[in-house]
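Beneath this line is the structure, given in structure tokens, with notes to follow.
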Amino acid sequence: MGAEGRGTWLERAACRGTDIEIWFPVHKTGVLHKYREQSPAIELCAACPVWAECRAYARTIPLVEGVWAGVEYKRGKPVA
Ligand code: SF4
């Protein structure tokens with residue numbers, strides 16, 4: 001995907017302009033998975049119009065971290 005394409009879906013992302021802290025719960029790894037129904041990040045992802053694009057993009061990032069398309073990653077692996 002080119003930079004132009006990324007910009008298009010990122011502009012429509014439900015997380016645009018939100019507090020970055022909820023997307024990178026580094027100090028709470030695993031907690032988001034356990035309490036995912038209470039997470040504002042998971043709620044936003046569930047209603048996001050570019051969920052599929054986000055998930056596909058996250059899979060291209062080596063050692064991806066944080067929440068992408070409703071999944072929390074740590075060092076490139078989903079936190080289970
Ligand atoms: S699916 Fe979630 S992390 Fe991905 S763009 Fe949408 S709101 Fe942001």
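Lettering and numbering for the structure tokens are positional, with chains as A, B, ... in the shown order, residues counted from 1 in each chain, and ligands counted from 1 in the shown order.
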Please identify every polymer residue within 7 Å of ligand 1, using only C-alpha atoms and all ligand atoms, and present the set as a PDB file with N, CA and C atoms, in the first residue's frame.
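Generated file (result.pdb):
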ATOM      1  N   LEU A  10      -6.400   6.074   7.142  1.00  0.00           N
ATOM      2  CA  LEU A  10      -6.080   6.656   8.445  1.00  0.00           C
ATOM      3  C   LEU A  10      -6.938   7.879   8.738  1.00  0.00           C
ATOM      4  N   ALA A  13     -10.124   6.733  10.309  1.00  0.00           N
ATOM      5  CA  ALA A  13      -9.995   5.871  11.488  1.00  0.00           C
ATOM      6  C   ALA A  13     -10.752   6.432  12.689  1.00  0.00           C
ATOM      7  N   ALA A  14     -11.448   5.555  13.388  1.00  0.00           N
ATOM      8  CA  ALA A  14     -12.208   5.966  14.579  1.00  0.00           C
ATOM      9  C   ALA A  14     -11.288   6.443  15.697  1.00  0.00           C
ATOM     10  N   CYS A  15     -10.032   6.009  15.668  1.00  0.00           N
ATOM     11  CA  CYS A  15      -9.094   6.390  16.733  1.00  0.00           C
ATOM     12  C   CYS A  15      -8.405   7.719  16.469  1.00  0.00           C
ATOM     13  N   ARG A  16      -8.639   8.294  15.334  1.00  0.00           N
ATOM     14  CA  ARG A  16      -7.983   9.554  14.980  1.00  0.00           C
ATOM     15  C   ARG A  16      -8.282  10.617  16.040  1.00  0.00           C
ATOM     16  N   ALA A  41     -10.549   1.347  23.691  1.00  0.00           N
ATOM     17  CA  ALA A  41      -9.897   1.026  22.420  1.00  0.00           C
ATOM     18  C   ALA A  41     -10.674  -0.063  21.685  1.00  0.00           C
ATOM     19  N   LEU A  44     -13.908   1.348  20.227  1.00  0.00           N
ATOM     20  CA  LEU A  44     -13.682   2.157  19.026  1.00  0.00           C
ATOM     21  C   LEU A  44     -13.374   1.277  17.825  1.00  0.00           C
ATOM     22  N   CYS A  45     -12.539   0.277  18.018  1.00  0.00           N
ATOM     23  CA  CYS A  45     -12.181  -0.620  16.921  1.00  0.00           C
ATOM     24  C   CYS A  45     -13.408  -1.358  16.391  1.00  0.00           C
ATOM     25  N   ALA A  46     -14.287  -1.770  17.295  1.00  0.00           N
ATOM     26  CA  ALA A  46     -15.472  -2.534  16.885  1.00  0.00           C
ATOM     27  C   ALA A  46     -16.370  -1.714  15.958  1.00  0.00           C
ATOM     28  N   CYS A  48     -15.172   0.840  14.015  1.00  0.00           N
ATOM     29  CA  CYS A  48     -14.316   1.571  13.072  1.00  0.00           C
ATOM     30  C   CYS A  48     -14.593   1.168  11.615  1.00  0.00           C
ATOM     31  N   PRO A  49     -14.746   2.152  10.736  1.00  0.00           N
ATOM     32  CA  PRO A  49     -15.037   1.845   9.337  1.00  0.00           C
ATOM     33  C   PRO A  49     -13.829   1.310   8.554  1.00  0.00           C
ATOM     34  N   VAL A  50     -12.645   1.414   9.141  1.00  0.00           N
ATOM     35  CA  VAL A  50     -11.445   0.947   8.422  1.00  0.00           C
ATOM     36  C   VAL A  50     -10.753  -0.185   9.182  1.00  0.00           C
ATOM     37  N   TRP A  51     -11.541  -0.960   9.898  1.00  0.00           N
ATOM     38  CA  TRP A  51     -11.011  -2.068  10.689  1.00  0.00           C
ATOM     39  C   TRP A  51     -10.176  -3.023   9.835  1.00  0.00           C
ATOM     40  N   CYS A  54      -6.867  -1.544   8.790  1.00  0.00           N
ATOM     41  CA  CYS A  54      -5.990  -1.449   9.952  1.00  0.00           C
ATOM     42  C   CYS A  54      -5.380  -2.812  10.282  1.00  0.00           C
ATOM     43  N   ARG A  55      -6.198  -3.847  10.278  1.00  0.00           N
ATOM     44  CA  ARG A  55      -5.702  -5.194  10.588  1.00  0.00           C
ATOM     45  C   ARG A  55      -4.643  -5.616   9.573  1.00  0.00           C
ATOM     46  N   VAL A  67      -2.523  -1.597  20.307  1.00  0.00           N
ATOM     47  CA  VAL A  67      -3.809  -2.125  19.845  1.00  0.00           C
ATOM     48  C   VAL A  67      -4.040  -1.730  18.397  1.00  0.00           C
ATOM     49  N   TRP A  68      -4.296  -2.733  17.589  1.00  0.00           N
ATOM     50  CA  TRP A  68      -4.601  -2.538  16.164  1.00  0.00           C
ATOM     51  C   TRP A  68      -5.807  -3.408  15.823  1.00  0.00           C
ATOM     52  N   ALA A  69      -6.845  -2.804  15.293  1.00  0.00           N
ATOM     53  CA  ALA A  69      -8.045  -3.542  14.881  1.00  0.00           C
ATOM     54  C   ALA A  69      -8.577  -4.455  15.992  1.00  0.00           C
ATOM     55  N   GLY A  70      -8.558  -3.958  17.190  1.00  0.00           N
ATOM     56  CA  GLY A  70      -9.135  -4.694  18.310  1.00  0.00           C
ATOM     57  C   GLY A  70      -8.254  -5.771  18.901  1.00  0.00           C
TER      58      GLY A  70
END
* Structure fact -> Using only C-alpha atoms, the best pick from A:Lys74, A:Val79, A:Ser39, A:Trp9 as closest to Ala56 (chain A) would be A:Trp9
